[in-house]
file my_file-v4.cif (mmCIF, C-alpha atoms and all ligand atoms)
data_run
loop_
_atom_site.label_atom_id
_atom_site.label_comp_id
_atom_site.auth_asym_id
_atom_site.auth_seq_id
_atom_site.Cartn_x
_atom_site.Cartn_y
_atom_site.Cartn_z
CA MET A 1 0.00 0.00 0.00
CA ASN A 2 1.30 3.44 -0.87
CA GLN A 3 1.27 6.15 1.75
CA PHE A 4 -1.10 9.08 1.54
CA GLU A 5 0.15 12.21 -0.21
CA VAL A 6 -0.73 15.56 1.38
CA ILE A 7 -2.40 18.48 -0.42
CA PRO A 8 -1.76 21.51 1.81
CA PRO A 9 -4.70 23.81 2.63
CA ARG A 10 -5.92 26.01 -0.28
CA SER A 11 -3.79 24.26 -2.93
CA GLY A 12 -4.10 21.61 -5.63
CA VAL A 13 -2.30 18.89 -7.57
CA ALA A 14 -2.62 16.94 -10.82
CA PHE A 15 -1.46 13.41 -11.59
CA GLU A 16 -2.09 10.41 -13.82
CA LEU A 17 -4.41 7.63 -12.70
CA ARG A 18 -4.26 4.45 -14.78
CA GLU A 19 -7.25 2.27 -15.68
CA GLY A 20 -7.78 -0.21 -12.84
CA GLN A 21 -6.05 1.92 -10.22
CA THR A 22 -7.96 3.21 -7.23
CA LEU A 23 -7.77 6.78 -5.96
CA THR A 24 -8.61 7.14 -2.27
CA VAL A 25 -9.25 10.69 -1.06
CA CYS A 26 -9.26 11.25 2.70
CA ASP A 27 -10.42 14.24 4.73
CA PRO A 28 -7.90 13.86 7.58
CA LEU A 29 -9.29 16.51 9.94
CA GLY A 30 -12.93 16.55 8.81
CA CYS A 31 -15.21 19.23 7.31
CA GLN A 32 -12.99 19.87 4.26
CA VAL A 33 -13.96 19.81 0.56
CA ALA A 34 -11.75 18.46 -2.27
CA ASP A 35 -12.59 19.40 -5.87
CA LEU A 36 -11.94 16.51 -8.27
CA LEU A 37 -11.54 16.70 -12.06
CA ALA A 38 -10.85 13.82 -14.45
CA PHE A 39 -9.75 14.12 -18.08
CA ALA A 40 -9.22 11.20 -20.47
CA ALA A 41 -5.44 10.75 -20.70
CA ASP A 42 -5.55 9.97 -24.44
CA ASP A 43 -7.54 13.11 -25.31
CA ILE A 44 -7.97 15.84 -22.71
CA ARG A 45 -10.96 17.26 -24.60
CA GLU A 46 -12.85 14.37 -23.01
CA VAL A 47 -13.65 15.32 -19.41
CA ILE A 48 -16.08 14.50 -16.60
CA SER A 49 -19.51 16.01 -17.15
CA ASN A 50 -22.02 16.62 -14.38
CA GLY A 51 -24.88 16.74 -16.88
CA ARG A 52 -24.02 13.40 -18.51
CA THR A 53 -23.50 11.89 -15.05
CA PHE A 54 -26.91 13.09 -13.80
CA ASP A 55 -28.49 11.76 -17.03
CA TYR A 56 -27.08 8.26 -16.80
CA GLU A 57 -27.05 7.85 -13.03
CA GLU A 58 -30.55 9.42 -12.74
CA THR A 59 -29.63 11.26 -9.54
CA ILE A 60 -27.65 14.25 -8.33
CA SER A 61 -26.74 12.41 -5.08
CA LEU A 62 -23.73 10.36 -6.10
CA THR A 63 -22.25 7.70 -3.82
CA THR A 64 -21.04 4.06 -3.78
CA GLY A 65 -21.84 2.34 -7.07
CA ASN A 66 -22.37 5.53 -9.07
CA ARG A 67 -20.16 6.28 -12.05
CA LEU A 68 -18.75 9.60 -13.28
CA TRP A 69 -19.36 10.00 -17.01
CA SER A 70 -17.57 12.10 -19.61
CA ASN A 71 -18.91 14.63 -22.10
CA ARG A 72 -18.56 11.78 -24.66
CA SER A 73 -20.84 9.48 -22.64
CA GLN A 74 -18.03 7.19 -21.41
CA VAL A 75 -17.40 6.18 -17.80
CA LEU A 76 -14.17 7.67 -16.44
CA LEU A 77 -14.46 6.84 -12.72
CA GLU A 78 -16.61 4.66 -10.49
CA ILE A 79 -17.23 5.25 -6.79
CA LEU A 80 -16.14 2.03 -5.06
CA GLU A 81 -16.65 3.02 -1.45
CA ASP A 82 -17.86 6.16 0.24
CA ALA A 83 -17.77 6.81 3.98
CA VAL A 84 -19.59 10.16 3.68
CA GLY A 85 -22.35 9.89 1.07
CA ARG A 86 -22.67 13.62 0.52
CA HIS A 87 -20.85 15.32 -2.36
CA ASP A 88 -21.70 18.05 -4.85
CA PHE A 89 -21.55 18.01 -8.64
CA LEU A 90 -23.61 21.17 -9.26
CA LEU A 91 -21.25 24.05 -8.43
CA THR A 92 -18.13 25.24 -10.22
CA PRO A 93 -14.67 25.42 -8.57
CA CYS A 94 -14.24 28.52 -6.37
CA SER A 95 -12.24 31.25 -8.17
CA GLU A 96 -11.08 34.86 -7.91
CA ALA A 97 -14.43 35.94 -9.34
CA THR A 98 -16.48 33.90 -6.87
CA PHE A 99 -14.38 35.25 -4.00
CA ARG A 100 -15.16 38.82 -5.15
CA HIS A 101 -18.85 37.93 -5.43
CA PHE A 102 -19.40 36.03 -2.18
CA TYR A 103 -16.67 37.45 0.09
CA PRO A 104 -16.22 41.12 -0.92
CA ASP A 105 -14.76 41.96 2.52
CA LYS A 106 -12.17 39.13 2.47
CA PRO A 107 -8.84 38.86 0.58
CA VAL A 108 -9.27 37.51 -2.94
CA HIS A 109 -7.88 34.00 -3.52
CA ARG A 110 -7.42 32.19 -6.85
CA GLY A 111 -9.36 29.32 -5.32
CA CYS A 112 -9.73 25.77 -6.61
CA PHE A 113 -10.07 27.10 -10.16
CA GLY A 114 -6.67 28.82 -10.09
CA ASN A 115 -5.07 25.87 -8.29
CA LEU A 116 -6.49 23.40 -10.82
CA ALA A 117 -5.48 25.58 -13.78
CA GLU A 118 -1.86 25.72 -12.58
CA ALA A 119 -1.66 22.02 -11.69
CA LEU A 120 -3.24 20.90 -14.98
CA ALA A 121 -1.30 23.27 -17.29
CA PRO A 122 1.62 20.81 -17.73
CA TYR A 123 -0.93 18.30 -19.11
CA GLY A 124 -2.10 20.80 -21.74
CA VAL A 125 -5.40 21.68 -20.02
CA GLU A 126 -6.39 25.32 -20.66
CA PRO A 127 -8.33 27.21 -17.96
CA ASP A 128 -11.37 27.46 -20.27
CA ALA A 129 -11.46 23.64 -20.49
CA ILE A 130 -12.04 23.29 -16.73
CA PRO A 131 -15.63 22.09 -16.16
CA THR A 132 -17.77 21.77 -13.05
CA ALA A 133 -15.75 19.64 -10.62
CA PHE A 134 -17.01 16.69 -8.62
CA ASN A 135 -16.76 18.34 -5.20
CA LEU A 136 -15.94 15.62 -2.72
CA PHE A 137 -17.49 16.10 0.74
CA MET A 138 -19.20 19.35 -0.37
CA ASN A 139 -22.62 19.71 1.22
CA VAL A 140 -25.08 21.47 -1.10
CA PRO A 141 -28.68 20.60 -0.27
CA VAL A 142 -31.33 21.48 -2.84
CA GLU A 143 -34.75 22.63 -1.63
CA ALA A 144 -37.21 20.30 -3.34
CA ASP A 145 -39.90 22.79 -4.39
CA SER A 146 -38.02 26.04 -4.98
CA GLY A 147 -34.76 24.47 -6.18
CA LYS A 148 -32.87 26.85 -3.90
CA LEU A 149 -29.28 25.80 -3.16
CA SER A 150 -27.39 26.26 0.10
CA VAL A 151 -23.73 25.65 0.87
CA LEU A 152 -23.45 24.05 4.31
CA PRO A 153 -20.38 22.71 6.16
CA PRO A 154 -19.34 19.22 5.00
CA THR A 155 -20.65 16.29 7.03
CA SER A 156 -17.29 14.47 6.73
CA ARG A 157 -15.57 13.66 10.00
CA ALA A 158 -11.83 13.27 10.62
CA GLY A 159 -10.48 10.31 8.63
CA ASP A 160 -13.51 9.93 6.34
CA TRP A 161 -12.69 8.96 2.78
CA ILE A 162 -14.00 8.02 -0.66
CA ALA A 163 -12.43 5.51 -3.09
CA LEU A 164 -12.78 5.88 -6.88
CA LEU A 165 -11.81 3.29 -9.48
CA ALA A 166 -10.38 4.51 -12.79
CA ARG A 167 -12.27 2.92 -15.67
CA ARG A 168 -10.00 4.71 -18.18
CA ASP A 169 -6.50 6.19 -18.07
CA CYS A 170 -7.15 9.63 -16.59
CA ILE A 171 -5.45 12.89 -15.72
CA ILE A 172 -6.79 13.88 -12.31
CA GLY A 173 -6.92 17.36 -10.77
CA LEU A 174 -7.54 17.49 -7.02
CA THR A 175 -7.63 20.34 -4.49
CA ALA A 176 -8.04 21.19 -0.86
CA CYS A 177 -10.81 23.77 -1.35
CA SER A 178 -10.18 27.45 -0.56
CA ALA A 179 -13.69 28.87 -0.03
CA TYR A 180 -15.06 29.83 3.38
CA ALA A 181 -18.65 28.57 3.32
CA SER A 182 -17.99 25.16 1.76
CA ASN A 183 -15.38 24.23 4.40
CA GLY A 184 -17.09 25.44 7.58
CA GLY A 185 -14.91 28.57 7.72
CA THR A 186 -11.43 26.99 8.07
CA PHE A 187 -8.96 25.53 5.57
CA LYS A 188 -7.60 22.05 6.10
CA PRO A 189 -5.40 19.66 4.07
CA ILE A 190 -6.63 16.76 1.93
CA HIS A 191 -4.85 13.41 1.69
CA TYR A 192 -4.91 11.04 -1.28
CA ARG A 193 -3.41 7.75 -2.31
CA ILE A 194 -3.22 5.74 -5.53
CA SER A 195 -3.27 1.96 -5.27
CA ASN A 196 -3.10 -0.78 -7.88
CA GLU A 197 -5.62 -2.99 -6.13
CA ARG A 198 -9.02 -2.30 -4.67
CA PRO A 199 -8.46 -1.40 -1.03
CA SER A 200 -10.43 -3.08 1.71
CA SER A 201 -12.31 -0.74 4.04
CA ARG A 202 -10.27 -1.88 7.00
CA GLU A 203 -6.95 -1.11 5.31
CA VAL A 204 -8.13 2.37 4.34
CA ASP A 205 -9.42 3.07 7.84
CA ILE A 206 -6.04 2.10 9.28
CA GLN A 207 -4.21 4.14 6.63
CA SER A 208 -6.40 7.20 7.07
CA GLY A 209 -5.87 6.96 10.83
CA GLU A 210 -2.10 6.93 10.22
CA ALA A 211 -2.44 9.87 7.82
CA GLN A 212 -4.29 11.79 10.52
CA ALA A 213 -1.60 10.98 13.05
CA VAL A 214 1.14 12.09 10.64
CA HIS A 215 -0.68 15.33 9.99
CA HIS A 216 -1.05 16.09 13.67
CA ARG A 217 2.64 15.40 14.24
CA HIS A 218 3.59 17.92 11.55
CA ASP A 219 1.18 20.60 12.72
ZN ZN B 1 -12.89 25.49 -3.81
#

call {"tool": "encode", "arguments": {"input": "my_file-v4.cif", "output": "structure tokens", "more": "lines below"}}
Ligand SMILES: [Zn+2]
result
Amino acid sequence: MNQFEVIPPRSGVAFELREGQTLTVCDPLGCQVADLLAFAADDIREVISNGRTFDYEETISLTTGNRLWSNRSQVLLEILEDAVGRHDFLLTPCSEATFRHFYPDKPVHRGCFGNLAEALAPYGVEPDAIPTAFNLFMNVPVEADSGKLSVLPPTSRAGDWIALLARRDCIIGLTACSAYASNGGTFKPIHYRISNERPSSREVDIQSGEAQAVHHRHD
């Protein structure tokens, strides 16, 4: 088993994930969102699509067993296990513009959008090609009648995680989100790990516990 990698607060990374590999994303301290993007490695114009995913999965509440589809109607990722069960695929990555809009009295930050754009640039992804991200642990309830959205603190607790299986070779972008409301007002790290085999829940629980311990030691 590989060790967890650390994404520091308010930053992002990009990496390759091969077909058959599993990406486990852990919220080591709890109440922290991670924006996830997936592009097809053989043609980055193919990318995860919330609309296609809602079409084929027939829900906006995605969890264990649901698949993340591309704009070309192909499955890129499949959710293998999910300790949280609440994620968002409606809202775009936070950005300079959304900071100006929602937090006019706070310092502007480039947000997940800027972090993803920088991390994905070496793979040839232009900022305009960044779609709505799958926002892990983001808690966005939708009022049934009015359709009104709210952004509430994540329900994830320390050490909670989600595991996604790559069904294609992918380029992944992943952040520790920078926005105030979506993270309960504080900015925490995100941990992730790539494994070649499907992890058992017990192994991940042990690993995420170790990741938490490592984080606390370094704090
Ligand atoms: Zn964000």

call {"tool": "residues_near_ligand", "arguments": {"input": "my_file-v4.cif", "ligand": "ligand ZN 1 (chain B)", "cutoff": "12 Å", "atoms": "all atoms listed in the file", "output": "JSON, numbers by chain"}}
result
{"A": [9, 10, 11, 12, 32, 33, 34, 35, 36, 88, 91, 92, 93, 94, 95, 96, 97, 98, 99, 109, 110, 111, 112, 113, 114, 115, 116, 132, 133, 134, 135, 136, 137, 138, 151, 174, 175, 176, 177, 178, 179, 180, 181, 182, 183, 187, 188]}

call {"tool": "closest_residue", "arguments": {"input": "my_file-v4.cif", "among": "A:Glu197, A:Ala83, A:Ala117, A:Thr53", "to": "A:Arg18", "atoms": "all atoms listed in the file"}}
result
A:Glu197

call {"tool": "atom_distance", "arguments": {"input": "my_file-v4.cif", "atom1": "atom CA of A:Lys148", "atom2": "atom CA of A:Thr59"}}
result
16.9 Å

call {"tool": "atom_distance", "arguments": {"input": "my_file-v4.cif", "atom1": "atom CA of A:Pro189", "atom2": "atom CA of A:Thr22"}}
result
20.1 Å

call {"tool": "atom_distance", "arguments": {"input": "my_file-v4.cif", "atom1": "atom CA of A:Asp27", "atom2": "atom CA of A:Arg100"}}
result
26.9 Å

call {"tool": "residues_near_point", "arguments": {"input": "my_file-v4.cif", "point": "(-17.4, 2.0, -16.1)", "cutoff": "9 Å", "atoms": "all atoms listed in the file", "output": "short mmCIF file (atom, residue, chain, number, x, y, z; two decimals) with C-alpha atoms, in the frame of the given file"}}
result
data_model
loop_
_atom_site.label_atom_id
_atom_site.label_comp_id
_atom_site.auth_asym_id
_atom_site.auth_seq_id
_atom_site.Cartn_x
_atom_site.Cartn_y
_atom_site.Cartn_z
CA ARG A 67 -20.16 6.28 -12.05
CA LEU A 68 -18.75 9.60 -13.28
CA TRP A 69 -19.36 10.00 -17.01
CA GLN A 74 -18.03 7.19 -21.41
CA VAL A 75 -17.40 6.18 -17.80
CA LEU A 76 -14.17 7.67 -16.44
CA LEU A 77 -14.46 6.84 -12.72
CA GLU A 78 -16.61 4.66 -10.49
CA LEU A 165 -11.81 3.29 -9.48
CA ALA A 166 -10.38 4.51 -12.79
CA ARG A 167 -12.27 2.92 -15.67
CA ARG A 168 -10.00 4.71 -18.18
#

call {"tool": "closest_residue", "arguments": {"input": "my_file-v4.cif", "among": "A:Thr64, A:Ser146, A:Asn139, A:Ser73", "to": "A:Leu90", "atoms": "only C-alpha atoms"}}
result
A:Asn139
